[in-house]
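Participant: Below you'll find upload_10.csv; it's CSV, C-alpha atoms.
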```csv
chain,number,residue,atom,x,y,z
H,932,MET,CA,3.2,29.1,61.3
H,933,ASN,CA,2.9,30.1,57.7
H,934,LYS,CA,6.6,29.6,57.2
H,935,ALA,CA,6.4,26.2,58.9
H,936,LEU,CA,3.5,25.2,56.7
H,937,ALA,CA,5.3,26.4,53.5
H,938,LEU,CA,8.4,24.5,54.5
H,939,THR,CA,6.4,21.4,55.2
H,940,VAL,CA,4.8,21.6,51.7
H,941,MET,CA,8.2,22.0,50.1
H,942,ALA,CA,9.6,19.1,52.0
H,943,ILE,CA,6.7,16.8,51.0
H,944,MET,CA,7.1,17.8,47.3
H,945,ALA,CA,10.9,17.3,47.4
H,946,THR,CA,10.6,13.9,49.0
H,947,SER,CA,7.9,12.7,46.7
H,948,SER,CA,9.7,13.7,43.5
H,949,GLY,CA,12.7,11.5,44.2
H,950,CYS,CA,13.0,7.8,43.6
H,951,GLY,CA,13.1,5.9,46.9
H,952,MET,CA,13.7,2.2,47.5
H,953,ALA,CA,10.0,1.4,47.9
H,954,LEU,CA,9.2,3.1,44.6
H,955,LYS,CA,12.0,1.2,42.9
H,956,GLU,CA,10.6,-2.0,44.1
H,957,ASP,CA,7.1,-1.0,42.9
H,958,SER,CA,8.6,-0.3,39.5
H,959,GLN,CA,10.2,-3.8,39.4
H,960,ALA,CA,6.9,-5.2,40.4
H,961,LEU,CA,5.1,-3.4,37.6
H,962,ARG,CA,7.6,-4.8,35.1
H,963,ALA,CA,7.1,-8.3,36.4
H,964,GLY,CA,3.3,-7.9,36.2
H,965,HIS,CA,2.7,-8.3,39.9
H,966,ASP,CA,-0.1,-6.7,41.9
H,967,ARG,CA,-0.3,-2.9,41.5
H,968,PRO,CA,0.3,-0.7,44.6
H,969,THR,CA,-3.0,0.4,46.2
H,970,ARG,CA,-4.0,4.1,46.4
H,971,GLN,CA,-5.3,6.0,49.3
H,972,SER,CA,-8.9,7.4,49.4
H,973,VAL,CA,-9.5,11.2,49.3
H,974,GLY,CA,-11.1,13.3,52.0
H,975,SER,CA,-13.2,16.3,50.9
H,976,LEU,CA,-12.0,16.4,47.2
H,977,GLN,CA,-13.2,14.5,44.2
H,978,PRO,CA,-12.2,10.8,43.9
H,979,LEU,CA,-8.8,10.0,42.5
H,980,PRO,CA,-8.6,8.9,38.9
H,981,GLU,CA,-8.6,5.3,38.0
H,982,ASP,CA,-5.6,3.0,38.2
H,983,PRO,CA,-3.3,2.8,35.2
H,984,PRO,CA,-4.9,0.5,32.6
H,985,LYS,CA,-4.1,-3.2,32.9
H,986,LEU,CA,-2.1,-4.8,30.1
H,987,ALA,CA,-1.9,-8.4,29.0
H,988,ALA,CA,0.0,-10.4,31.6
H,989,VAL,CA,0.9,-13.0,29.0
H,990,ASP,CA,3.9,-11.1,27.8
H,991,PRO,CA,5.4,-8.7,30.3
H,992,ARG,CA,7.1,-6.8,27.6
H,993,LYS,CA,5.1,-3.9,26.2
H,994,VAL,CA,5.6,-3.7,22.4
H,995,ILE,CA,3.9,-1.3,19.9
H,996,TYR,CA,3.5,-2.9,16.5
H,997,THR,CA,3.0,-0.6,13.5
H,998,ALA,CA,3.1,-1.4,9.8
H,999,SER,CA,3.0,0.7,6.7
H,1000,LEU,CA,2.2,-1.0,3.4
H,1001,LYS,CA,1.9,0.0,-0.2
H,1002,ILE,CA,-0.3,-2.5,-2.1
H,1003,ALA,CA,-0.9,-2.6,-5.8
H,1004,THR,CA,-4.5,-3.5,-6.8
H,1005,ALA,CA,-6.8,-3.0,-9.8
H,1006,ASP,CA,-9.7,-1.7,-7.6
H,1007,ALA,CA,-8.6,0.5,-4.7
H,1008,ARG,CA,-12.1,1.0,-3.4
H,1009,ALA,CA,-12.8,-2.7,-3.2
H,1010,ALA,CA,-9.5,-3.3,-1.6
H,1011,VAL,CA,-10.2,-0.6,1.1
H,1012,ALA,CA,-13.6,-2.3,1.8
H,1013,ARG,CA,-12.0,-5.7,2.0
H,1014,THR,CA,-9.3,-4.4,4.4
H,1015,ARG,CA,-11.9,-2.9,6.6
H,1016,ALA,CA,-13.8,-6.2,6.8
H,1017,LEU,CA,-10.5,-7.9,7.6
H,1018,ALA,CA,-10.0,-5.6,10.6
H,1019,ASP,CA,-13.5,-6.3,11.8
H,1020,SER,CA,-13.0,-10.1,11.5
H,1021,LEU,CA,-9.9,-9.9,13.6
H,1022,GLY,CA,-11.6,-8.0,16.4
H,1023,GLY,CA,-10.2,-4.7,15.3
H,1024,TYR,CA,-11.6,-1.6,13.7
H,1025,MET,CA,-11.1,1.0,11.0
H,1026,GLN,CA,-9.5,4.2,12.3
H,1027,ARG,CA,-9.4,6.3,9.2
H,1028,MET,CA,-10.1,5.7,5.5
H,1029,THR,CA,-10.1,7.4,2.1
H,1030,ASN,CA,-10.8,6.2,-1.4
H,1031,ASP,CA,-7.4,4.6,-1.7
H,1032,ALA,CA,-6.0,4.3,1.8
H,1033,ILE,CA,-7.0,3.0,5.2
H,1034,VAL,CA,-5.7,2.8,8.7
H,1035,ILE,CA,-6.8,-0.2,10.7
H,1036,ARG,CA,-6.1,-1.3,14.2
H,1037,VAL,CA,-6.1,-4.9,15.2
H,1038,PRO,CA,-5.4,-6.7,18.4
H,1039,ALA,CA,-1.6,-7.0,18.8
H,1040,GLU,CA,-1.9,-10.8,18.9
H,1041,SER,CA,-3.6,-10.7,15.5
H,1042,PHE,CA,-0.9,-8.6,13.8
H,1043,ASP,CA,0.8,-11.5,12.0
H,1044,ARG,CA,-2.5,-12.8,10.7
H,1045,ALA,CA,-3.4,-9.3,9.5
H,1046,MET,CA,-0.1,-9.1,7.6
H,1047,GLU,CA,-0.7,-12.5,6.0
H,1048,ALA,CA,-4.2,-11.6,5.0
H,1049,LEU,CA,-3.2,-8.3,3.4
H,1050,ALA,CA,-0.9,-10.2,1.1
H,1051,ASP,CA,-4.1,-11.6,-0.5
H,1052,VAL,CA,-5.7,-8.2,-1.1
H,1053,GLY,CA,-3.1,-7.2,-3.7
H,1054,THR,CA,0.5,-7.2,-4.5
H,1055,ILE,CA,2.6,-5.8,-1.7
H,1056,VAL,CA,4.9,-3.3,-3.4
H,1057,ASP,CA,6.5,-1.9,-0.2
H,1058,GLN,CA,6.2,-2.5,3.5
H,1059,GLN,CA,7.7,-1.3,6.7
H,1060,VAL,CA,7.1,-3.0,10.0
H,1061,THR,CA,8.3,-1.6,13.4
H,1062,ALA,CA,8.2,-3.1,16.8
H,1063,ARG,CA,8.9,-0.5,19.5
H,1064,ASP,CA,9.5,-1.8,23.0
H,1065,VAL,CA,7.9,0.7,25.4
H,1066,THR,CA,8.3,-1.4,28.6
H,1067,GLU,CA,10.7,1.0,30.2
H,1068,GLU,CA,8.8,4.0,29.1
H,1069,TYR,CA,5.6,2.6,30.5
H,1070,ALA,CA,7.2,1.7,33.8
H,1071,ASP,CA,8.7,5.2,34.1
H,1072,GLN,CA,5.3,6.8,33.4
H,1073,ALA,CA,3.6,4.6,35.9
H,1074,MET,CA,6.1,5.4,38.5
H,1075,ARG,CA,5.7,9.1,37.9
H,1076,LEU,CA,1.9,8.7,38.2
H,1077,LYS,CA,2.3,6.8,41.5
H,1078,ASN,CA,4.5,9.5,42.9
H,1079,ALA,CA,2.1,12.2,41.8
H,1080,ARG,CA,-0.8,10.4,43.5
H,1081,ALA,CA,1.2,10.0,46.7
H,1082,LEU,CA,2.0,13.7,46.7
H,1083,LEU,CA,-1.7,14.5,46.1
H,1084,SER,CA,-2.6,12.4,49.1
H,1085,LYS,CA,-0.2,14.1,51.3
H,1086,LEU,CA,-1.3,17.5,50.2
H,1087,GLN,CA,-4.9,16.6,50.8
H,1088,ALA,CA,-4.0,15.5,54.3
H,1089,LEU,CA,-2.2,18.8,54.8
H,1090,LEU,CA,-5.2,20.7,53.6
H,1091,ASP,CA,-7.3,18.9,56.2
H,1092,LYS,CA,-5.1,20.3,58.9
H,1093,ALA,CA,-4.8,23.8,57.5
H,1094,THR,CA,-6.5,26.4,59.8
H,1095,VAL,CA,-5.4,29.6,58.0
H,1096,VAL,CA,-7.2,30.6,54.8
H,1097,GLU,CA,-4.1,31.7,53.1
H,1098,ASP,CA,-2.4,28.4,53.8
H,1099,ALA,CA,-5.4,26.5,52.6
H,1100,LEU,CA,-5.4,28.4,49.3
H,1101,ALA,CA,-1.7,27.8,48.8
H,1102,ILE,CA,-2.2,24.1,49.3
H,1103,GLU,CA,-5.2,24.0,47.0
H,1104,ARG,CA,-3.1,25.6,44.2
H,1105,GLN,CA,-0.5,22.9,44.6
H,1106,ILE,CA,-3.2,20.2,44.6
H,1107,ALA,CA,-4.6,21.6,41.3
H,1108,ARG,CA,-1.2,21.5,39.7
H,1109,VAL,CA,-0.6,18.0,40.8
H,1110,GLN,CA,-4.0,16.9,39.6
H,1111,THR,CA,-3.3,18.4,36.2
H,1112,GLU,CA,0.0,16.4,36.1
H,1113,ILE,CA,-1.9,13.2,37.1
H,1114,GLU,CA,-4.3,13.7,34.3
H,1115,ARG,CA,-1.5,14.2,31.8
H,1116,LEU,CA,0.3,11.1,33.0
H,1117,GLU,CA,-2.8,9.0,32.9
H,1118,GLY,CA,-3.5,10.2,29.3
H,1119,GLN,CA,0.0,9.2,28.3
H,1120,LEU,CA,-0.3,5.8,30.0
H,1121,ASN,CA,-3.7,5.2,28.3
H,1122,SER,CA,-2.2,6.1,25.0
H,1123,LEU,CA,0.7,3.7,25.4
H,1124,ALA,CA,-1.6,1.0,26.6
H,1125,SER,CA,-3.9,1.5,23.6
H,1126,GLN,CA,-0.9,1.3,21.2
H,1127,VAL,CA,0.3,-1.8,22.8
H,1128,THR,CA,-3.0,-3.5,22.8
H,1129,TYR,CA,-3.9,-2.7,19.2
H,1130,ALA,CA,-1.4,-2.7,16.4
H,1131,THR,CA,-1.7,0.0,13.8
H,1132,LEU,CA,-1.5,-0.8,10.1
H,1133,THR,CA,-1.5,1.9,7.4
H,1134,ILE,CA,-2.2,0.7,3.9
H,1135,HIS,CA,-2.0,2.8,0.7
H,1136,PHE,CA,-3.5,1.1,-2.4
H,1137,VAL,CA,-1.9,2.0,-5.7
H,1138,SER,CA,-2.9,1.1,-9.3
H,1139,GLY,CA,-0.9,-1.1,-11.5
H,1140,GLN,CA,0.6,2.0,-13.1
H,1141,GLN,CA,2.6,2.7,-10.0
H,1142,ILE,CA,4.3,-0.7,-9.8
H,1143,PRO,CA,8.1,-0.3,-10.2
H,1144,ALA,CA,9.1,-2.1,-13.4
H,1145,SER,CA,12.3,-3.3,-11.8
H,1146,MET,CA,10.3,-5.6,-9.5
H,1147,LYS,CA,9.0,-7.7,-12.2
H,1148,LEU,CA,10.6,-10.6,-14.0
H,1149,ARG,CA,12.0,-9.7,-17.4
H,1150,LEU,CA,11.6,-12.4,-20.1
H,1151,PRO,CA,14.6,-13.1,-22.3
H,1152,PHE,CA,12.9,-11.7,-25.5
H,1153,TRP,CA,14.4,-8.3,-26.0
H,1154,TRP,CA,11.7,-7.1,-28.4
H,1155,LEU,CA,9.0,-7.3,-25.7
H,1156,GLU,CA,10.7,-4.2,-24.2
H,1157,ARG,CA,10.4,-2.5,-27.5
H,1158,LEU,CA,6.6,-2.8,-27.5
H,1159,GLY,CA,4.4,0.0,-26.5
H,1160,LEU,CA,3.9,3.7,-27.1
H,1161,GLU,CA,7.4,4.6,-26.0
H,1162,ASN,CA,8.8,3.2,-29.3
H,1163,LEU,CA,5.8,3.1,-31.5
H,1164,MET,CA,5.4,6.9,-31.4
H,1165,VAL,CA,9.1,7.8,-31.8
H,1166,PHE,CA,10.5,8.5,-35.2
A,1455,MET,CA,-2.3,-33.1,-60.6
A,1456,ARG,CA,-1.9,-34.0,-56.9
A,1457,GLN,CA,1.8,-33.4,-57.1
A,1458,ALA,CA,1.2,-30.0,-58.7
A,1459,LEU,CA,-1.2,-29.1,-56.0
A,1460,TYR,CA,1.3,-30.0,-53.3
A,1461,LEU,CA,4.0,-28.1,-55.1
A,1462,LEU,CA,1.8,-25.0,-55.3
A,1463,MET,CA,0.9,-25.2,-51.6
A,1464,MET,CA,4.6,-25.5,-50.7
A,1465,LEU,CA,5.5,-22.6,-52.8
A,1466,ALA,CA,2.8,-20.5,-51.3
A,1467,GLY,CA,4.0,-21.4,-47.8
A,1468,ILE,CA,7.5,-20.5,-48.7
A,1469,ALA,CA,6.4,-17.3,-50.2
A,1470,ALA,CA,4.3,-16.4,-47.2
A,1471,MET,CA,7.2,-17.1,-44.8
A,1472,GLY,CA,9.4,-14.7,-46.7
A,1473,CYS,CA,6.8,-11.9,-46.9
A,1474,GLU,CA,6.7,-9.1,-44.5
A,1475,PRO,CA,3.4,-8.7,-42.8
A,1476,THR,CA,1.2,-5.8,-43.9
A,1477,MET,CA,-2.2,-4.4,-42.9
A,1478,ASP,CA,-5.0,-2.4,-44.4
A,1479,LEU,CA,-4.4,1.1,-43.1
A,1480,PRO,CA,-7.3,3.0,-41.5
A,1481,PRO,CA,-8.6,6.0,-43.3
A,1482,GLY,CA,-6.5,9.1,-42.9
A,1483,PHE,CA,-3.2,7.2,-42.2
A,1484,VAL,CA,0.0,7.6,-44.2
A,1485,GLU,CA,2.8,5.1,-44.2
A,1486,VAL,CA,6.1,6.5,-42.9
A,1487,ASP,CA,8.3,3.5,-42.2
A,1488,ARG,CA,8.9,0.2,-43.9
A,1489,ASP,CA,11.3,-2.4,-42.7
A,1490,ASP,CA,13.4,0.1,-40.6
A,1491,GLY,CA,15.1,-2.7,-38.8
A,1492,GLU,CA,12.5,-2.9,-36.0
A,1493,TYR,CA,9.1,-2.3,-37.5
A,1494,ASP,CA,8.0,-3.9,-40.7
A,1495,MET,CA,5.7,-1.0,-41.3
A,1496,ARG,CA,4.5,2.1,-39.5
A,1497,ALA,CA,1.9,4.7,-40.4
A,1498,VAL,CA,0.6,7.8,-38.8
A,1499,SER,CA,-2.5,10.0,-38.8
A,1500,ALA,CA,-2.6,13.8,-38.7
A,1501,GLU,CA,-4.0,13.5,-35.1
A,1502,GLY,CA,-0.8,11.7,-33.9
A,1503,VAL,CA,-2.1,8.2,-33.8
A,1504,VAL,CA,0.4,5.6,-35.0
A,1505,VAL,CA,0.0,2.0,-36.2
A,1506,GLY,CA,2.8,-0.4,-36.7
A,1507,ILE,CA,3.6,-4.1,-37.4
A,1508,ARG,CA,6.6,-6.0,-36.2
A,1509,SER,CA,7.4,-9.7,-36.7
A,1510,GLU,CA,9.8,-11.5,-34.4
A,1511,PRO,CA,11.3,-15.0,-34.6
A,1512,ASN,CA,9.6,-17.8,-32.8
A,1513,PRO,CA,12.0,-20.7,-33.5
A,1514,LYS,CA,10.8,-22.8,-30.6
A,1515,GLN,CA,7.2,-22.2,-31.8
A,1516,GLY,CA,5.8,-20.7,-28.7
A,1517,GLY,CA,2.0,-20.8,-28.7
A,1518,LEU,CA,-0.4,-17.8,-29.0
A,1519,GLU,CA,-1.4,-18.0,-25.4
A,1520,PHE,CA,2.3,-17.8,-24.3
A,1521,TRP,CA,3.1,-14.8,-26.5
A,1522,ALA,CA,-0.2,-13.0,-25.7
A,1523,LYS,CA,0.5,-13.5,-22.0
A,1524,ALA,CA,4.1,-12.4,-22.4
A,1525,VAL,CA,3.0,-9.1,-24.0
A,1526,GLU,CA,0.4,-8.5,-21.4
A,1527,LYS,CA,2.8,-9.1,-18.5
A,1528,GLU,CA,5.4,-6.9,-20.1
A,1529,LEU,CA,3.0,-4.0,-20.5
A,1530,ALA,CA,0.7,-4.3,-17.6
A,1531,GLY,CA,3.0,-6.1,-15.2
A,1532,ARG,CA,6.3,-4.2,-15.7
A,1533,ARG,CA,5.5,-1.0,-17.5
A,1534,GLY,CA,2.3,0.2,-15.7
A,1535,TYR,CA,-0.1,-0.1,-18.6
A,1536,ALA,CA,-3.6,-0.8,-17.4
A,1537,LEU,CA,-5.3,-3.6,-19.4
A,1538,SER,CA,-8.8,-2.5,-20.3
A,1539,ALA,CA,-9.9,-5.2,-22.7
A,1540,ARG,CA,-8.7,-8.6,-24.0
A,1541,GLU,CA,-10.4,-10.6,-26.7
A,1542,ASP,CA,-9.6,-13.7,-28.8
A,1543,VAL,CA,-9.9,-12.8,-32.4
A,1544,GLY,CA,-10.1,-14.9,-35.5
A,1545,PRO,CA,-9.4,-12.9,-38.6
A,1546,ALA,CA,-10.5,-14.5,-41.7
A,1547,ILE,CA,-7.2,-15.1,-43.5
A,1548,ASN,CA,-4.8,-15.2,-40.5
A,1549,PRO,CA,-4.3,-17.5,-37.6
A,1550,ASP,CA,-6.2,-16.8,-34.4
A,1551,GLY,CA,-4.9,-13.9,-32.4
A,1552,VAL,CA,-5.4,-12.0,-29.2
A,1553,LEU,CA,-6.4,-8.3,-29.2
A,1554,MET,CA,-5.7,-6.2,-26.1
A,1555,SER,CA,-6.3,-2.6,-25.3
A,1556,PHE,CA,-4.5,-0.7,-22.6
A,1557,ASP,CA,-4.7,2.7,-21.0
A,1558,VAL,CA,-1.6,4.5,-19.8
A,1559,THR,CA,-0.9,8.0,-18.5
A,1560,LYS,CA,2.4,9.7,-19.6
A,1561,GLN,CA,3.3,13.2,-18.5
A,1562,ALA,CA,-0.3,13.9,-17.4
A,1563,THR,CA,-1.7,12.8,-20.8
A,1564,ASN,CA,-3.9,9.8,-21.2
A,1565,PHE,CA,-3.0,7.4,-24.0
A,1566,ARG,CA,-4.8,4.4,-25.5
A,1567,TYR,CA,-2.8,1.5,-26.9
A,1568,LEU,CA,-4.0,-1.5,-28.8
A,1569,VAL,CA,-2.0,-4.5,-29.6
A,1570,ALA,CA,-2.9,-7.7,-31.6
A,1571,VAL,CA,-0.7,-10.7,-31.3
A,1572,PHE,CA,-0.6,-13.5,-33.9
A,1573,VAL,CA,1.6,-16.6,-34.2
A,1574,ARG,CA,2.4,-17.4,-37.9
A,1575,TYR,CA,4.6,-20.2,-38.8
A,1576,GLN,CA,7.9,-19.6,-36.9
A,1577,GLU,CA,7.3,-16.0,-36.1
A,1578,VAL,CA,5.3,-13.8,-33.8
A,1579,VAL,CA,3.5,-10.9,-35.5
A,1580,VAL,CA,2.5,-8.0,-33.3
A,1581,ALA,CA,0.3,-5.2,-34.7
A,1582,GLU,CA,0.2,-2.0,-32.6
A,1583,ALA,CA,-1.8,1.1,-32.6
A,1584,GLY,CA,-1.8,4.0,-30.2
A,1585,GLY,CA,-1.9,7.6,-29.4
A,1586,PRO,CA,-3.5,10.2,-27.2
A,1587,ALA,CA,-6.8,8.8,-25.9
A,1588,ASP,CA,-8.9,11.6,-27.3
A,1589,ALA,CA,-7.5,10.9,-30.7
A,1590,VAL,CA,-7.7,7.1,-30.6
A,1591,GLU,CA,-11.2,6.7,-29.2
A,1592,PRO,CA,-13.1,8.2,-32.1
A,1593,ILE,CA,-11.3,5.9,-34.6
A,1594,GLU,CA,-10.9,2.9,-32.3
A,1595,ALA,CA,-13.2,0.7,-34.4
A,1596,SER,CA,-11.2,1.4,-37.6
A,1597,LEU,CA,-8.0,0.8,-35.7
A,1598,ARG,CA,-9.3,-2.6,-34.6
A,1599,THR,CA,-10.3,-3.5,-38.1
A,1600,ALA,CA,-6.8,-2.5,-39.3
A,1601,LEU,CA,-5.0,-4.6,-36.7
A,1602,LEU,CA,-7.1,-7.6,-37.6
A,1603,SER,CA,-6.3,-7.2,-41.3
A,1604,VAL,CA,-2.7,-8.0,-40.7
A,1605,ARG,CA,-1.5,-10.6,-43.2
```
Is it possible to give me this structure as structure tokens?
Facilitator:
Amino acid sequence: MNKALALTVMAIMATSSGCGMALKEDSQALRAGHDRPTRQSVGSLQPLPEDPPKLAAVDPRKVIYTASLKIATADARAAVARTRALADSLGGYMQRMTNDAIVIRVPAESFDRAMEALADVGTIVDQQVTARDVTEEYADQAMRLKNARALLSKLQALLDKATVVEDALAIERQIARVQTEIERLEGQLNSLASQVTYATLTIHFVSGQQIPASMKLRLPFWWLERLGLENLMVF
Amino acid sequence: MRQALYLLMMLAGIAAMGCEPTMDLPPGFVEVDRDDGEYDMRAVSAEGVVVGIRSEPNPKQGGLEFWAKAVEKELAGRRGYALSAREDVGPAINPDGVLMSFDVTKQATNFRYLVAVFVRYQEVVVAEAGGPADAVEPIEASLRTALLSVR
């Protein structure tokens, strides 16, 4: 009986870890933004965790926008405060800030407006913008989560039928492992959803002393370049 | 009489155009350069503060505002000098000018740099003073007086 039970558990786990036709269809449904598959209720155990977070159905693609900017300004503190206010006005928030740097998060749909507004805060010396498409990654994680929940349901059903204490303990150990995996997958999905929903902008403010000279227009009067301490103090 | 006066004024103008600019040196400064091809004059103090005058052609007669802005943009916009003050000055015997002061850090040392810009006839006269900030600050008032004494 114990061997039969162990074989049953192994068979359930082997089946649930594969990718069947039904699961493939569910994955395609997720990509298309259709209704999410329902989950089964639990018997004597705690309720299952919540569904994967819903994402905006306007654009089925899941894209993470991030920007890193270096902005020259005369007053870094004021620029930091101004940027924080900008984030608030766009429905975002400040994630981290120092005297001369700030990380803000704004709704993804406000990313372009944020970039335009930052151009008014100072002179953009350098900027890097990335758009990372995580649609496939999100779908894969969601699929793994669905599989894990299905496995959990089956194990719980098996636990309900267990009559031997040793069998019940073995099943509960597997349930605990699967629940840990579910929590991990949910955390990853939540993180992805958060990064997609809110764009992240990292801004470093620098003083005028750090502006590369090569960026500026050079007037056609050679002696202007000879002004300053670099020549005045050389004999 | 009138003709003599006109002749005298013309001669004075010609004479002024041909004269190199000069300034009243601050106390404790010694002249080290005169007409070295770039500077009309340079002088130094024992604390390492330097003053100098240069005059550059201005054949198209660019105005004071243009040249003052060009100097500011060169130093603050391209070379990383931080403009700390700017004032319009009107020395008694010279055309109006612009006096600017800058702060800059080089090799972990803070420096102070003052520059006065004048437009005289068909030339731009630039008077400079600068050195380590801790050496300039105690004598900044006398440096300002010297720069405005350019003639």
Participant: Contacts of segment 1118-1132 of chain H at 10 Å or less, counting all atoms listed in the file, minus same-chain residues fewer than 3 places along, as a ChimeraX atom specification?
Facilitator: /H:983-987,992-1000,1018,1022-1026,1033-1042,1045-1046,1059-1060,1062-1066,1068-1073,1076,1112-1115
Participant: What separation in Å, quoted to one decimal, exists between atom CA of Ser1499 of chain A and atom CA of Val1573 of chain A?
Facilitator: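 So the two atoms, atom CA of Ser1499 of chain A and atom CA of Val1573 of chain A, lie 27.3 Å apart.
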Participant: Env of segment 1525-1527 of chain A: 12 Å cut, atoms = only C-alpha atoms, seq-sep filter 6 positions within chain, self excluded. Answer as an MDAnalysis selection string.
Facilitator: (chainID H and resid 1139 1144 1147:1150 1152:1159) or (chainID A and resid 1518:1519 1533:1540 1552:1556 1567:1572 1578:1582)
Participant: Nearest to chain H: which of A:Glu1510, A:Gln1576, A:Leu1602, A:Asp1550 is it, counting all atoms listed in the file?
Facilitator: A:Glu1510
Participant: So that I can check the surroundings of Ala1048 of chain H, please list as a PyMOL selection string every protein, DNA and RNA residue that reaches within 12 Å of it, counting all atoms listed in the file and ignoring chain neighbours fewer than 5 positions away.
Facilitator: chain H and resi 1010+1013-1018+1020-1021+1041-1043+1053-1055
Participant: Residues of the last selection are to be written out with C-alpha atoms, as a PDB file, in the coordinates of the input.
Facilitator:
```pdb
ATOM      1  CA  ALA H1010      -9.500  -3.300  -1.600  1.00  0.00           C
ATOM      2  CA  ARG H1013     -12.000  -5.700   2.000  1.00  0.00           C
ATOM      3  CA  THR H1014      -9.300  -4.400   4.400  1.00  0.00           C
ATOM      4  CA  ARG H1015     -11.900  -2.900   6.600  1.00  0.00           C
ATOM      5  CA  ALA H1016     -13.800  -6.200   6.800  1.00  0.00           C
ATOM      6  CA  LEU H1017     -10.500  -7.900   7.600  1.00  0.00           C
ATOM      7  CA  ALA H1018     -10.000  -5.600  10.600  1.00  0.00           C
ATOM      8  CA  SER H1020     -13.000 -10.100  11.500  1.00  0.00           C
ATOM      9  CA  LEU H1021      -9.900  -9.900  13.600  1.00  0.00           C
ATOM     10  CA  SER H1041      -3.600 -10.700  15.500  1.00  0.00           C
ATOM     11  CA  PHE H1042      -0.900  -8.600  13.800  1.00  0.00           C
ATOM     12  CA  ASP H1043       0.800 -11.500  12.000  1.00  0.00           C
ATOM     13  CA  GLY H1053      -3.100  -7.200  -3.700  1.00  0.00           C
ATOM     14  CA  THR H1054       0.500  -7.200  -4.500  1.00  0.00           C
ATOM     15  CA  ILE H1055       2.600  -5.800  -1.700  1.00  0.00           C
TER      16      ILE H1055
END
```
Participant: Ranking H:Leu1160, H:Ala1101, H:Ile1106, H:Ala1081 by minimum distance to chain A and counting only C-alpha atoms, which one comes first?
Facilitator: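 Using only C-alpha atoms, the shortest distance to chain A belongs to H:Leu1160.
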Participant: Using all atoms listed in the file, which residue out of H:Leu1116, H:Val1109, H:Ala1005, H:Leu1090 lies closest to chain A?
Facilitator: H:Ala1005
Participant: In the coordinates of the file, take the point (6.1, 2.5, -43.1) and a cut-off of 12 Å; then, counting only C-alpha atoms, name each qualifying protein, DNA or RNA residue as a count of residues only.
Facilitator: 28
Participant: Any idea what the distance is between atom CA of Gly1585 of chain A and atom CA of Ala1522 of chain A?
Facilitator: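 Taking atom CA of Gly1585 of chain A as the start and atom CA of Ala1522 of chain A as the end point, the length is 21.0 Å.
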Participant: Ranking A:Gln1561, A:Arg1532, A:Gly1482, A:Arg1605 by minimum distance to Glu1501 of chain A and counting only C-alpha atoms, which one comes first?
Facilitator: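 Using only C-alpha atoms, the shortest distance to Glu1501 of chain A belongs to A:Gly1482.
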Participant: Separation of atom CA of Val1558 of chain A and atom CA of Ala1587 of chain A, in Å?
Facilitator: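 Computed distance, atom CA of Val1558 of chain A to atom CA of Ala1587 of chain A, equals 9.1 Å.
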Participant: So that I can see what lies close to Ile1002 of chain H, please list as number ranges by chain the residues with an atom at most 8 Å from it, counting all atoms listed in the file and leaving out residues fewer than 3 positions away in the same chain.
Facilitator: H: 1052-1057, 1134-1137
